[in-house]
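Novice: Just structure_35.pdb, nothing more (PDB, C-alpha atoms, pLDDT in the B column):
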ATOM      1  CA  MET A   1      -3.735  34.601  84.056  1.00 37.00           C
ATOM      2  CA  SER A   2      -2.838  34.056  80.397  1.00 46.00           C
ATOM      3  CA  GLU A   3      -2.213  30.703  78.792  1.00 55.00           C
ATOM      4  CA  VAL A   4       1.397  29.499  78.999  1.00 61.00           C
ATOM      5  CA  ARG A   5       2.513  29.096  75.374  1.00 89.00           C
ATOM      6  CA  ALA A   6       5.752  29.134  73.443  1.00 94.00           C
ATOM      7  CA  THR A   7       5.833  29.557  69.686  1.00 96.00           C
ATOM      8  CA  ILE A   8       8.953  29.733  67.536  1.00 97.00           C
ATOM      9  CA  GLY A   9       9.672  31.897  64.499  1.00 96.00           C
ATOM     10  CA  LEU A  10      12.675  31.201  62.256  1.00 95.00           C
ATOM     11  CA  ILE A  11      13.889  33.832  59.819  1.00 94.00           C
ATOM     12  CA  ASN A  12      14.893  32.217  56.521  1.00 90.00           C
ATOM     13  CA  PRO A  13      16.585  29.119  57.951  1.00 89.00           C
ATOM     14  CA  LYS A  14      18.953  27.409  55.538  1.00 82.00           C
ATOM     15  CA  SER A  15      19.888  24.174  57.216  1.00 80.00           C
ATOM     16  CA  PRO A  16      17.450  21.252  57.375  1.00 81.00           C
ATOM     17  CA  THR A  17      19.605  19.854  60.166  1.00 82.00           C
ATOM     18  CA  ASN A  18      19.018  22.951  62.279  1.00 84.00           C
ATOM     19  CA  VAL A  19      15.293  23.032  61.518  1.00 86.00           C
ATOM     20  CA  GLY A  20      15.106  19.363  62.530  1.00 85.00           C
ATOM     21  CA  GLY A  21      16.966  20.272  65.734  1.00 87.00           C
ATOM     22  CA  VAL A  22      14.557  23.153  66.386  1.00 91.00           C
ATOM     23  CA  LEU A  23      11.597  20.793  65.931  1.00 89.00           C
ATOM     24  CA  ARG A  24      13.160  18.346  68.370  1.00 87.00           C
ATOM     25  CA  ALA A  25      13.689  21.184  70.897  1.00 91.00           C
ATOM     26  CA  ALA A  26      10.089  22.308  70.396  1.00 92.00           C
ATOM     27  CA  GLY A  27       8.939  18.781  71.192  1.00 88.00           C
ATOM     28  CA  CYS A  28      11.193  18.427  74.223  1.00 87.00           C
ATOM     29  CA  TYR A  29      10.217  21.767  75.757  1.00 91.00           C
ATOM     30  CA  GLY A  30       6.547  22.005  74.819  1.00 89.00           C
ATOM     31  CA  ALA A  31       6.498  24.674  72.106  1.00 92.00           C
ATOM     32  CA  GLN A  32       3.169  24.625  70.290  1.00 91.00           C
ATOM     33  CA  GLN A  33       4.192  25.679  66.765  1.00 91.00           C
ATOM     34  CA  VAL A  34       7.144  26.629  64.564  1.00 93.00           C
ATOM     35  CA  PHE A  35       6.832  29.221  61.798  1.00 93.00           C
ATOM     36  CA  PHE A  36       9.519  30.027  59.264  1.00 91.00           C
ATOM     37  CA  SER A  37       9.993  32.653  56.589  1.00 91.00           C
ATOM     38  CA  GLY A  38      12.061  32.559  53.429  1.00 84.00           C
ATOM     39  CA  THR A  39      12.591  29.866  50.817  1.00 74.00           C
ATOM     40  CA  ARG A  40      15.919  28.231  51.651  1.00 72.00           C
ATOM     41  CA  TYR A  41      14.458  25.609  53.972  1.00 67.00           C
ATOM     42  CA  LEU A  42      11.764  24.661  51.446  1.00 65.00           C
ATOM     43  CA  LYS A  43      14.519  23.744  48.984  1.00 56.00           C
ATOM     44  CA  ALA A  44      16.268  21.550  51.569  1.00 51.00           C
ATOM     45  CA  LYS A  45      13.401  20.015  53.570  1.00 54.00           C
ATOM     46  CA  LYS A  46      13.564  16.747  51.609  1.00 50.00           C
ATOM     47  CA  PHE A  47      16.501  15.902  53.883  1.00 48.00           C
ATOM     48  CA  HIS A  48      14.417  14.568  56.778  1.00 50.00           C
ATOM     49  CA  THR A  49      16.214  15.562  59.978  1.00 51.00           C
ATOM     50  CA  ASP A  50      13.326  15.552  62.467  1.00 50.00           C
ATOM     51  CA  THR A  51      14.526  12.404  64.245  1.00 52.00           C
ATOM     52  CA  LYS A  52      11.741  12.446  66.862  1.00 54.00           C
ATOM     53  CA  ASN A  53       8.978  13.088  64.283  1.00 55.00           C
ATOM     54  CA  ALA A  54       7.899  16.240  66.104  1.00 56.00           C
ATOM     55  CA  LEU A  55       6.036  17.294  62.936  1.00 55.00           C
ATOM     56  CA  GLU A  56       3.360  14.789  63.921  1.00 63.00           C
ATOM     57  CA  ARG A  57       2.603  16.966  66.986  1.00 69.00           C
ATOM     58  CA  ILE A  58       3.984  20.422  66.183  1.00 76.00           C
ATOM     59  CA  PRO A  59       2.982  22.321  63.052  1.00 80.00           C
ATOM     60  CA  LEU A  60       5.834  23.720  60.916  1.00 85.00           C
ATOM     61  CA  THR A  61       4.337  26.524  58.835  1.00 86.00           C
ATOM     62  CA  SER A  62       5.862  28.592  56.063  1.00 87.00           C
ATOM     63  CA  VAL A  63       4.847  32.274  56.182  1.00 92.00           C
ATOM     64  CA  GLU A  64       5.697  35.303  54.097  1.00 92.00           C
ATOM     65  CA  ASP A  65       6.147  37.538  57.158  1.00 93.00           C
ATOM     66  CA  LEU A  66       6.712  36.369  60.751  1.00 95.00           C
ATOM     67  CA  ALA A  67       5.006  39.511  62.083  1.00 95.00           C
ATOM     68  CA  GLN A  68       1.736  38.181  60.646  1.00 93.00           C
ATOM     69  CA  ALA A  69       2.297  34.821  62.384  1.00 95.00           C
ATOM     70  CA  LYS A  70       2.691  36.318  65.868  1.00 95.00           C
ATOM     71  CA  PRO A  71       0.072  34.602  68.059  1.00 94.00           C
ATOM     72  CA  SER A  72      -2.585  36.798  69.610  1.00 93.00           C
ATOM     73  CA  GLY A  73      -1.453  38.155  72.967  1.00 94.00           C
ATOM     74  CA  ALA A  74       2.108  36.874  72.581  1.00 96.00           C
ATOM     75  CA  LYS A  75       5.176  38.933  73.362  1.00 97.00           C
ATOM     76  CA  ALA A  76       7.711  38.740  70.529  1.00 98.00           C
ATOM     77  CA  VAL A  77      11.169  37.955  71.893  1.00 98.00           C
ATOM     78  CA  VAL A  78      14.133  38.203  69.517  1.00 97.00           C
ATOM     79  CA  ILE A  79      17.206  36.151  70.328  1.00 97.00           C
ATOM     80  CA  GLU A  80      20.199  38.024  68.905  1.00 94.00           C
ATOM     81  CA  LEU A  81      23.731  39.110  69.737  1.00 91.00           C
ATOM     82  CA  ILE A  82      23.045  42.829  69.791  1.00 92.00           C
ATOM     83  CA  GLU A  83      24.278  45.624  72.017  1.00 93.00           C
ATOM     84  CA  GLY A  84      21.811  46.548  74.743  1.00 94.00           C
ATOM     85  CA  ALA A  85      19.996  43.180  74.691  1.00 96.00           C
ATOM     86  CA  THR A  86      18.996  41.530  77.957  1.00 98.00           C
ATOM     87  CA  PRO A  87      21.249  38.607  78.988  1.00 98.00           C
ATOM     88  CA  LEU A  88      19.244  35.370  79.093  1.00 98.00           C
ATOM     89  CA  PRO A  89      20.093  34.640  82.763  1.00 97.00           C
ATOM     90  CA  GLU A  90      18.405  37.942  83.711  1.00 98.00           C
ATOM     91  CA  PHE A  91      15.441  37.613  81.355  1.00 98.00           C
ATOM     92  CA  ILE A  92      11.936  36.987  82.682  1.00 97.00           C
ATOM     93  CA  HIS A  93      10.064  34.942  80.082  1.00 97.00           C
ATOM     94  CA  PRO A  94       6.520  36.027  79.240  1.00 96.00           C
ATOM     95  CA  GLU A  95       3.921  33.301  79.689  1.00 94.00           C
ATOM     96  CA  ASN A  96       2.827  33.684  76.069  1.00 95.00           C
ATOM     97  CA  ALA A  97       6.009  34.088  73.997  1.00 97.00           C
ATOM     98  CA  PHE A  98       6.858  34.155  70.303  1.00 97.00           C
ATOM     99  CA  TYR A  99      10.610  33.516  70.139  1.00 98.00           C
ATOM    100  CA  ILE A 100      12.252  34.833  66.961  1.00 98.00           C
ATOM    101  CA  PHE A 101      15.559  33.347  65.805  1.00 96.00           C
ATOM    102  CA  GLY A 102      17.594  34.799  62.953  1.00 92.00           C
ATOM    103  CA  PRO A 103      19.218  33.037  60.030  1.00 87.00           C
ATOM    104  CA  GLU A 104      22.308  30.934  60.628  1.00 83.00           C
ATOM    105  CA  ASP A 105      24.367  33.185  58.377  1.00 85.00           C
ATOM    106  CA  GLY A 106      23.052  36.644  59.153  1.00 86.00           C
ATOM    107  CA  SER A 107      21.500  39.041  61.604  1.00 89.00           C
ATOM    108  CA  ILE A 108      17.942  40.077  62.320  1.00 93.00           C
ATOM    109  CA  SER A 109      16.823  43.163  60.401  1.00 93.00           C
ATOM    110  CA  LYS A 110      15.805  46.449  61.987  1.00 94.00           C
ATOM    111  CA  GLU A 111      12.331  45.945  60.504  1.00 94.00           C
ATOM    112  CA  VAL A 112      11.886  42.779  62.588  1.00 94.00           C
ATOM    113  CA  LEU A 113      13.445  44.339  65.683  1.00 95.00           C
ATOM    114  CA  ASN A 114      10.944  47.220  65.417  1.00 95.00           C
ATOM    115  CA  TRP A 115       7.875  44.989  65.914  1.00 96.00           C
ATOM    116  CA  CYS A 116       9.367  42.821  68.640  1.00 96.00           C
ATOM    117  CA  ASP A 117       8.885  43.467  72.352  1.00 97.00           C
ATOM    118  CA  GLU A 118      12.179  42.165  73.777  1.00 97.00           C
ATOM    119  CA  VAL A 119      15.713  41.446  72.592  1.00 97.00           C
ATOM    120  CA  VAL A 120      17.647  38.774  74.477  1.00 98.00           C
ATOM    121  CA  TYR A 121      21.103  37.325  74.015  1.00 96.00           C
ATOM    122  CA  ILE A 122      22.854  34.244  75.362  1.00 96.00           C
ATOM    123  CA  PRO A 123      26.192  35.177  76.954  1.00 95.00           C
ATOM    124  CA  THR A 124      28.731  32.956  75.171  1.00 92.00           C
ATOM    125  CA  ILE A 125      32.160  33.205  73.646  1.00 91.00           C
ATOM    126  CA  GLY A 126      31.207  33.328  69.979  1.00 84.00           C
ATOM    127  CA  CYS A 127      27.808  32.542  68.523  1.00 84.00           C
ATOM    128  CA  MET A 128      25.846  29.296  68.795  1.00 89.00           C
ATOM    129  CA  ASN A 129      24.050  27.569  65.945  1.00 90.00           C
ATOM    130  CA  LEU A 130      20.303  27.900  65.475  1.00 92.00           C
ATOM    131  CA  ALA A 131      19.233  24.585  67.013  1.00 92.00           C
ATOM    132  CA  ALA A 132      21.559  24.958  70.013  1.00 94.00           C
ATOM    133  CA  THR A 133      20.292  28.491  70.630  1.00 95.00           C
ATOM    134  CA  CYS A 134      16.683  27.352  70.498  1.00 96.00           C
ATOM    135  CA  ASN A 135      17.402  24.520  72.947  1.00 95.00           C
ATOM    136  CA  VAL A 136      19.077  26.866  75.438  1.00 97.00           C
ATOM    137  CA  VAL A 137      16.262  29.444  75.297  1.00 97.00           C
ATOM    138  CA  LEU A 138      13.496  26.865  75.654  1.00 96.00           C
ATOM    139  CA  TYR A 139      15.341  25.089  78.474  1.00 95.00           C
ATOM    140  CA  ASP A 140      15.791  28.425  80.286  1.00 96.00           C
ATOM    141  CA  ARG A 141      12.071  29.091  79.838  1.00 96.00           C
ATOM    142  CA  GLN A 142      11.164  25.700  81.286  1.00 92.00           C
ATOM    143  CA  ALA A 143      13.618  26.067  84.185  1.00 92.00           C
ATOM    144  CA  LYS A 144      12.153  29.455  85.106  1.00 94.00           C
ATOM    145  CA  LEU A 145       8.437  28.866  84.396  1.00 91.00           C
ATOM    146  CA  GLY A 146       8.197  25.147  85.150  1.00 80.00           C
ATOM    147  CA  GLY A 147       6.114  22.749  83.139  1.00 70.00           C
ATOM    148  CA  VAL A 148       7.801  19.348  83.409  1.00 64.00           C
ATOM    149  CA  GLU A 149       7.596  17.178  86.483  1.00 62.00           C
ATOM    150  CA  SER A 150      10.984  16.154  87.877  1.00 64.00           C
ATOM    151  CA  SER A 151      10.606  12.459  88.582  1.00 56.00           C
ATOM    152  CA  ASP A 152      11.872   8.999  87.680  1.00 67.00           C
ATOM    153  CA  LYS A 153       8.676   8.560  85.616  1.00 64.00           C
ATOM    154  CA  THR A 154       9.643  11.591  83.493  1.00 56.00           C
ATOM    155  CA  ILE A 155      13.146  10.179  83.012  1.00 56.00           C
ATOM    156  CA  ILE A 156      11.793   6.815  81.878  1.00 62.00           C
ATOM    157  CA  GLU A 157       9.230   8.381  79.510  1.00 60.00           C
ATOM    158  CA  SER A 158      11.870  10.695  77.985  1.00 53.00           C
ATOM    159  CA  ARG A 159      14.233   7.947  76.855  1.00 57.00           C
ATOM    160  CA  ASP A 160      14.458   7.086  73.159  1.00 59.00           C
TER
END
Could you render the structure as structure tokens?

Specialist:
Amino acid sequence: MSEVRATIGLINPKSPTNVGGVLRAAGCYGAQQVFFSGTRYLKAKKFHTDTKNALERIPLTSVEDLAQAKPSGAKAVVIELIEGATPLPEFIHPENAFYIFGPEDGSISKEVLNWCDEVVYIPTIGCMNLAATCNVVLYDRQAKLGGVESSDKTIIESRD
């Protein structure tokens, strides 16, 4: 059995608010690392939006190419509104997953789609923002694969 791991890849994110929201989601749902490509976030990161200080526990790493950041043994799963993609409710999450999210103001390129293993979409009316999309995918993963004990202790420990 492989190790259960979730890693996140962001393609050229522009909004520090969304990156902060992604980091918070990563912390809430146990993702081990967040990679990002592009330069827009680097210009805006001075606006600290990681309200839970997830950066203390989860590395946020700038990379030239997300394909090079794909963890060994991970299945790359693109989240994108694209014809022929698997609806999230029907998707079976791999134990070792590298979830790729596109830019807030664009689509994922064919070059990225070519090296990814799965393409998944969230059935909605319209598109969601980056942080919301990441939260939904990671929650779905947790709901299907488990990982957090359902108890009053968990509720108490999860409060701000």

Novice: Padding of 4 Å on every side, edges along x, y and z, all listed atoms of region 15-34 of chain A included: what centre and edge lengths in Å, to one decimal, does that box have, as lines of an AutoDock Vina configuration file?

Specialist:
center_x = 11.5
center_y = 22.5
center_z = 66.5
size_x = 24.7
size_y = 16.3
size_z = 26.5

Novice: Which residues match the PyMOL selection byres ((chain A and resi 35) around 9) in the file above, as a list in words?

Specialist: Thr7, Ile8, Gly9, Leu10, Ile11, Gln33, Val34, Phe36, Ser37, Pro59, Leu60, Thr61, Ser62, Val63, Leu66 and Ala69 of chain A

Novice: Next, the residues of the selection above should be written as a compact mmCIF listing (two decimals), in the frame of the given file with C-alpha atoms.

Specialist:
# COMPACT_ATOMS: atom_id res chain seq x y z
CA THR A 7 5.83 29.56 69.69
CA ILE A 8 8.95 29.73 67.54
CA GLY A 9 9.67 31.90 64.50
CA LEU A 10 12.68 31.20 62.26
CA ILE A 11 13.89 33.83 59.82
CA GLN A 33 4.19 25.68 66.76
CA VAL A 34 7.14 26.63 64.56
CA PHE A 36 9.52 30.03 59.26
CA SER A 37 9.99 32.65 56.59
CA PRO A 59 2.98 22.32 63.05
CA LEU A 60 5.83 23.72 60.92
CA THR A 61 4.34 26.52 58.84
CA SER A 62 5.86 28.59 56.06
CA VAL A 63 4.85 32.27 56.18
CA LEU A 66 6.71 36.37 60.75
CA ALA A 69 2.30 34.82 62.38

Novice: Skipping near chain neighbours, those fewer than 4 positions away, what residues fall within 8 Å of region 76-82 of chain A using all atoms listed in the file, listed as a list in words?

Specialist: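 Listing them by chain and then by number gives Lys70, Ala97, Phe98, Tyr99, Ile100, Phe101, Gly102, Ser107, Ile108, Leu113, Trp115, Cys116, Asp117, Glu118, Val119, Val120, Tyr121, Ile122 and Cys127 of chain A.
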
Novice: For this file, the PyMOL selection byres ((chain A and resi 31) around 7) selects which residues, as a ChimeraX atom specification?

Specialist: /A:5-7,26-27,29-30,32-33

Novice: Pick out the closest residue to Pro94 (chain A) from this set: A:Gly20, A:Thr39, A:Arg141, A:Ile125. Count only C-alpha atoms.

Specialist: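 Checking each of A:Gly20, A:Thr39, A:Arg141, A:Ile125 against Pro94 (chain A), counting only C-alpha atoms, the winner is A:Arg141.
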
Novice: Go through the shown structure with the PyMOL selection byres ((chain A and resi 22) around 8) and write out the matching residues as a PyMOL selection string.

Specialist: chain A and resi 18-21+23-26+130-131+134-135

Novice: Hey, which of A:Cys28, A:Asn96, A:Leu138, A:Ser109 ends up closest to Ser72 (chain A)? Count only C-alpha atoms.

Specialist: A:Asn96

Novice: Here is a test: counting all atoms listed in the file, which residue of A:Pro87, A:Pro16, A:Ala67, A:Gly38 is nearest to Asp140 (chain A)?

Specialist: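 That would be A:Pro87, the residue with the smallest distance to Asp140 (chain A).
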
Novice: Find, counting only C-alpha atoms, the residue in A:Ala74, A:Met128, A:Val137, A:Ile58 that gets nearest to Leu88 (chain A).

Specialist: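 Closest residue, counting only C-alpha atoms: A:Val137.
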
Novice: What separation in Å, quoted to one decimal, exists between CA of His93 (chain A) and CA of Asp105 (chain A)?

Specialist: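 Straight-line distance from CA of His93 (chain A) to CA of Asp105 (chain A) works out to 26.1 Å.
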
Novice: Go ahead and compute the interatomic distance for CA of Pro89 (chain A) and CA of Leu145 (chain A), in Å to one decimal.

Specialist: 13.1 Å

Novice: How many Å separate CA of Phe91 (chain A) from CA of Asn12 (chain A)?

Specialist: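 Answer for the CA of Phe91 (chain A) to CA of Asn12 (chain A) separation: 25.4 Å.
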
Novice: Ranking A:Gln68, A:Gly146, A:Val112, A:Pro103 by minimum distance to Asn129 (chain A) and counting all atoms listed in the file, which one comes first?

Specialist: A:Pro103

Novice: Measuring atom to atom with only C-alpha atoms, identify which of A:Glu95, A:Glu111, A:Asp65, A:Glu90 is nearest to Gln142 (chain A).

Specialist: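 For Gln142 (chain A), the nearest of the given residues is A:Glu95.
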